[in-house]
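See below for the structure under consideration.
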Amino acid sequence: MKPERQRHAPQGAGRPVGTPPSEFETRLMRINVGPQHPSTHGVLRLVVDLDGERIARLTPQIGYLHTGFEKTMEHRTYQQCITYSNRMDYAHGFGHDLAYVLAAEELVGSRVPERAQRVRVLLTELNRIASHLLFLGTGILDMGALTLFFYTMREREKILQLFEMVSGVRMNYGYFRVGGLAYDLPEGFEEQTRAFLDEFPAMLQQYADLFAKNDIYLGRTKGVGVIPAETAIANGLTGPSLRASGVPLDQRKAAPYSGYEDYDFEVPTSDAGDAHARFEMRLREFEQSTRICRQALERLEPGPIKDPDRRISLPPRQELETSMEAVIFHFKLVTEGFHPPRGEAYVATESARGELGYHLVSDGGSMPYRVKIRVPSLVNLQSLESTCVGGLFADMVVNIASIDPVMGDVDK
Amino acid sequence: MRAGAKVAALTEALAPHGAQRSDLATGAMLVLPRGAVLEAAGLAREHGFDLLLDVFAIDWLAYPGHRGPRFSVTYHAHAVAANERCWLRVHLDEDDTLPSVTGVWPAAAFMEREVYDLFGVVFDGHPDLRKLVTPEDLEGHPLRKDYPLGESPTLFNDGRFLDPASFRSGMMGGSRGLTGWVGGARKGVVSAAPEVAAEAAAEATATAGADGAAATKEGAA
C-alpha cells in the first residue's frame, strides 16, 4: 500500500520519506502553451515556468505567421502594397489599409477628397467594432462562457456582409487606394449601415445582460493582471489596453488624421488597469465607434472619391477613349506606378489594438525602398510577461485575451 | 506633425553630443553619432519621451547615391504627456554594434530582437538577444538588401534546403516533391504527370483494399 499512497501524495511527492512538510523541495515546472491552443488566439506559443499554480516566468515564442510582408512590399509598387497591408491584422484590416495609404499619400503628396476620407473613417470604425466583437466573443469564451460568442459573431457577420458589399470580400479588403478609394460605395450600402447602427445599441445591451454582471466573469477579471500606467508605458503598451491603465492616449485625438478632428467622440479611460477595465474599454469603444460611424454617414455627400491628380489615380474609363493623355497616364500607372520623391513618412493611426503606422522610405522609385510597420500587437505582447508573472496560470488565459493580440499583426 | 517644445529642448540638449536635425516629411528626426546612443536615449527619456514606439533598421546598400555606413537604426519615441514625437537615428557599418537601450526603455526588448533577427545588428547588453520571427535554423538576415529573393534555394543550417523548382514541381503534381501532393494545382487543373498519377492511383487502390479488408475484419468481429 505504501508506494501507492506515495504516488498519489498531492504535495512533495519526490521528497525523501520522513522529511517534514515544511522542507519540501519545490521545483519549477516548465510547460509549453500553444502554438495550437484555442486560448492563444492564433499561433502564440508561450513557454511558462510554473511554481505550483503560479507563473514564475513566461516567454512568448513568436514567428509562426512570419511572412516577410515588409520585404515583399519593398518589391511591389505603392498601389500593389495595399494587397498586403490588410493581411497582417486580419481582424482590423481597414485599419492597416488606412495606416498604409496615409503614409504613402504623405510621401507622394496626394490630396484625398472629402468623400473618400469620410468613407475611410466609416469603414475603419465599422471594422473596429467588428474587431472588438471578435475580441469580446473569444475573450469571454476563454473564460468558459460559450453563448456570448454566438451573439457577437452574429453582429460581426452583419458588418462583414457590409464589407462584402463594398469590397467583394469579407476579409483582406484592399478597397482603399493611395489617393482615395478603388471605387464608390455600392447602392444600398448607406441604408444597410444605418440599419445596423440603429439596432446595434440594443445588441450591446443584450451582451451586457449576458455577461457584464456575471459573478464568474467579474471574479475572473476584477483585479486580475493589473498593469500600472508607468509599467504600461515602459513596456510600450498602446491602444485600449493602455487606456485601461488610465493613460488617455488615442492617436485619433492626439494627432488626428483623415479628418478625425471633426468628429465628436470621447476617449474612454479607466484607472483600474486590470483585465476587467480592458474588457470595459472595448465595450465603451463600441459606443464611441458607433457615434463616429453615424456622424460619418450623416456627412457623406456625393463627390469624387479619388485624387484628381492623374499621376496618382487612374483616369476614368471613358476618358481613355477620347484622350491620348489619359491613355499615357493609364499606361504609366499600370506598368510602373507613381514615383514619390525621396524622403520618409510615418503617420500614426489608432488601430483597434493600439498605435499603428507605416514608416515608408522612398528612393524616388515606384516601389518603397523600405517599409517598416509599427504593429501594436507585437509591442503589446511584451506586457504579457509582467502581467502574468506572480499570477495564477488560469489568469494567463484572461490576460492574453484582454491584451488582444492578433498573431498576424505580431509576426507580420 | 510639427516639432514642439520638447523636441526643441532635446535638440539643444543633444547638440553637445554631436546630434544634428534631419527632419522627416512627417516629424522631427535627430541623427546621432554612434557613440552617443545611450546618452541620447537617457536624455530623451528625461525630456519626457517615455513611450518607445519602435526601433527599426534600414539597409542603405541599394539606395541610389548613398554614401557612408551601410545601416541605420532608428528609435521612434513618443512623449505621452506633451504629445510630441521624435525619431533618433544612428548610422553604423556592418561590423558595428550598438548599446541596447532596454535599460532606458524596456519596450526595446522585442524591437531590438527584431532588428537583430532581420538585419543582423548586434545590441550589446541586451538581456535576451535571440531571433524573434525567423526560424532558428534559417541563416542570414532576410531584410538586408543583399539577401537572395525569390528563386534562390533557401538553405537551412542542418543541410536541408528548399529548391524552388522542385518544390513548385511538387506543388503542380509534376513530381512527388516535398509535399507528396499529386493532384492538380487547383480545381479543374489536371497536371499530374501520367506515371506519378498512375503510381498514386495504384497506391490509393492498395490503401483502399487494405481498409476494406480491415472493415470486413471488424464487421466479422
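Identifiers in this document derive from the order of the C-alpha cells: chains are assigned A, B, ..., residues are numbered from 1 separately in each chain, and ligands are numbered from 1 in order of occurrence.
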
**Request:** Identify all chain A residues at most 7 Å from chain B by counting only C-alpha atoms; ligands do not count. Present them as a list in words.
**Result:** Ile62, Gly63, His66, Lys71, Ile233, Ala234, Asn235, Gly236, Ala254, Gly343, Glu344, Ala345, Tyr346, Asp363, Arg370, Arg374 and Asp411 of chain A

**Request:** Do a neighbour search on B:Leu10 at 8 Å with only C-alpha atoms, toss out local chain neighbours closer than 2 positions, and write the hits as a PyMOL selection string.
**Result:** chain B and resi 6-8+12-14+43-44+47

**Item:** Gap from atom CA of A:Thr152 to atom CA of A:Pro268 - Å, one decimal
**Value:**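 Distance between the two atoms: 21.1 Å.
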
**Nearby residues (only C-alpha atoms) at most 8 Å from A:Arg220, same-chain spacing under 6 positions excluded, as a ChimeraX atom specification** = /A:143,395,398

**Message:** Using DSSP secondary structure from the backbone, list all helix (DSSP H, G or I) positions within stretch 311-360 of chain A, as a PyMOL selection string.
**Reply:** chain A and resi 317-321+324-335

**Request:** For stretch 193-200 of chain A, work out the shell of residues within 9 Å, counting only C-alpha atoms and skipping chain neighbours fewer than 4 positions away, then give it as a PyMOL selection string.
**Result:** chain A and resi 155+158-159+162+188-189+204-205+290-291+293-294+297

Could you save the residues just selected, with N, CA and C atoms, as a PDB file, in the first residue's frame?
```pdb
ATOM      1  N   GLU A 155     -23.396  39.657 -34.884  1.00  0.00           N
ATOM      2  CA  GLU A 155     -23.267  41.071 -35.260  1.00  0.00           C
ATOM      3  C   GLU A 155     -22.056  41.293 -36.172  1.00  0.00           C
ATOM      4  N   LYS A 158     -22.875  40.653 -39.663  1.00  0.00           N
ATOM      5  CA  LYS A 158     -23.582  41.745 -40.356  1.00  0.00           C
ATOM      6  C   LYS A 158     -22.593  42.772 -40.886  1.00  0.00           C
ATOM      7  N   ILE A 159     -21.575  43.066 -40.061  1.00  0.00           N
ATOM      8  CA  ILE A 159     -20.572  44.033 -40.515  1.00  0.00           C
ATOM      9  C   ILE A 159     -19.780  43.449 -41.682  1.00  0.00           C
ATOM     10  N   LEU A 162     -21.565  43.888 -44.798  1.00  0.00           N
ATOM     11  CA  LEU A 162     -21.430  45.250 -45.315  1.00  0.00           C
ATOM     12  C   LEU A 162     -20.101  45.391 -46.065  1.00  0.00           C
ATOM     13  N   GLY A 188     -27.284  51.121 -51.752  1.00  0.00           N
ATOM     14  CA  GLY A 188     -27.910  50.432 -50.641  1.00  0.00           C
ATOM     15  C   GLY A 188     -27.000  50.254 -49.444  1.00  0.00           C
ATOM     16  N   PHE A 189     -25.724  50.596 -49.613  1.00  0.00           N
ATOM     17  CA  PHE A 189     -24.788  50.400 -48.503  1.00  0.00           C
ATOM     18  C   PHE A 189     -25.125  51.306 -47.330  1.00  0.00           C
ATOM     19  N   LEU A 204     -25.788  45.660 -27.936  1.00  0.00           N
ATOM     20  CA  LEU A 204     -24.800  45.894 -26.871  1.00  0.00           C
ATOM     21  C   LEU A 204     -25.426  45.631 -25.510  1.00  0.00           C
ATOM     22  N   GLN A 205     -26.677  46.093 -25.373  1.00  0.00           N
ATOM     23  CA  GLN A 205     -27.377  45.877 -24.112  1.00  0.00           C
ATOM     24  C   GLN A 205     -27.567  44.384 -23.860  1.00  0.00           C
ATOM     25  N   THR A 290     -19.665  53.683 -32.813  1.00  0.00           N
ATOM     26  CA  THR A 290     -20.997  53.832 -33.405  1.00  0.00           C
ATOM     27  C   THR A 290     -21.300  55.305 -33.637  1.00  0.00           C
ATOM     28  N   ARG A 291     -20.930  56.129 -32.657  1.00  0.00           N
ATOM     29  CA  ARG A 291     -21.140  57.575 -32.805  1.00  0.00           C
ATOM     30  C   ARG A 291     -20.403  58.107 -34.029  1.00  0.00           C
ATOM     31  N   CYS A 293     -19.391  56.482 -36.635  1.00  0.00           N
ATOM     32  CA  CYS A 293     -19.992  55.959 -37.865  1.00  0.00           C
ATOM     33  C   CYS A 293     -21.215  56.771 -38.259  1.00  0.00           C
ATOM     34  N   ARG A 294     -22.055  57.051 -37.274  1.00  0.00           N
ATOM     35  CA  ARG A 294     -23.256  57.844 -37.559  1.00  0.00           C
ATOM     36  C   ARG A 294     -22.901  59.198 -38.143  1.00  0.00           C
ATOM     37  N   LEU A 297     -21.680  58.898 -41.644  1.00  0.00           N
ATOM     38  CA  LEU A 297     -22.779  58.656 -42.573  1.00  0.00           C
ATOM     39  C   LEU A 297     -23.547  59.936 -42.853  1.00  0.00           C
TER      40      LEU A 297
END
```

**Message:** Ranking A:Pro304, A:Ser366, A:Thr269, A:Ala277 by minimum distance to A:Lys332 and counting only C-alpha atoms, which one comes first?
**Reply:** A:Ser366

**Message:** If we count only C-alpha atoms and set the cut-off at 8 Å, which residues sit around A:Ala103, ignoring sequence neighbours fewer than 5 positions away in its own chain? Please answer as JSON, numbers by chain.
**Reply:** {"A": [345, 346, 347, 357, 358, 359, 360]}

**Request:** Using only C-alpha atoms, determine which residues lie at most 7 Å from A:Ile55, disregarding the query and same-chain residues fewer than 5 positions distant; provide the list as a ChimeraX atom specification.
**Result:** /A:48-50,388-393

Generate a file of the selected residues that holds N, CA and C atoms, formatted as an mmCIF file, in the first residue's frame.
```cif
data_model
loop_
_atom_site.group_PDB
_atom_site.id
_atom_site.type_symbol
_atom_site.label_atom_id
_atom_site.label_comp_id
_atom_site.auth_asym_id
_atom_site.auth_seq_id
_atom_site.Cartn_x
_atom_site.Cartn_y
_atom_site.Cartn_z
ATOM 1 N N VAL A 48 6.072 28.563 -20.279
ATOM 2 C CA VAL A 48 5.705 29.058 -18.960
ATOM 3 C C VAL A 48 6.414 28.229 -17.901
ATOM 4 N N ASP A 49 7.079 28.891 -16.967
ATOM 5 C CA ASP A 49 7.642 28.206 -15.809
ATOM 6 C C ASP A 49 6.682 28.378 -14.651
ATOM 7 N N LEU A 50 6.222 27.250 -14.141
ATOM 8 C CA LEU A 50 5.199 27.292 -13.109
ATOM 9 C C LEU A 50 5.781 26.931 -11.759
ATOM 10 N N CYS A 388 1.512 38.563 -16.194
ATOM 11 C CA CYS A 388 1.189 37.207 -15.772
ATOM 12 C C CYS A 388 2.053 36.723 -14.620
ATOM 13 N N VAL A 389 3.309 37.177 -14.540
ATOM 14 C CA VAL A 389 4.219 36.625 -13.536
ATOM 15 C C VAL A 389 3.695 36.913 -12.135
ATOM 16 N N GLY A 390 3.654 35.868 -11.328
ATOM 17 C CA GLY A 390 3.135 36.006 -9.978
ATOM 18 C C GLY A 390 1.660 35.675 -9.881
ATOM 19 N N GLY A 391 1.002 35.636 -11.031
ATOM 20 C CA GLY A 391 -0.429 35.345 -11.028
ATOM 21 C C GLY A 391 -0.698 33.876 -11.248
ATOM 22 N N LEU A 392 -1.958 33.529 -11.214
ATOM 23 C CA LEU A 392 -2.346 32.138 -11.419
ATOM 24 C C LEU A 392 -2.269 31.782 -12.905
ATOM 25 N N PHE A 393 -2.039 30.501 -13.134
ATOM 26 C CA PHE A 393 -1.929 30.046 -14.519
ATOM 27 C C PHE A 393 -3.228 30.286 -15.279
#
```

**Request:** Work out how far atom CA of A:Asn86 is from atom CA of A:Asn172, in Å to one decimal.
**Result:**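 Calculated distance between atom CA of A:Asn172 and atom CA of A:Asn86 is 5.3 Å.
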
**Message:** For a test of reading the model, state the distance in Å between atom CA of A:Glu385 and atom CA of A:Pro60, rounded to one decimal.
**Reply:** 8.1 Å
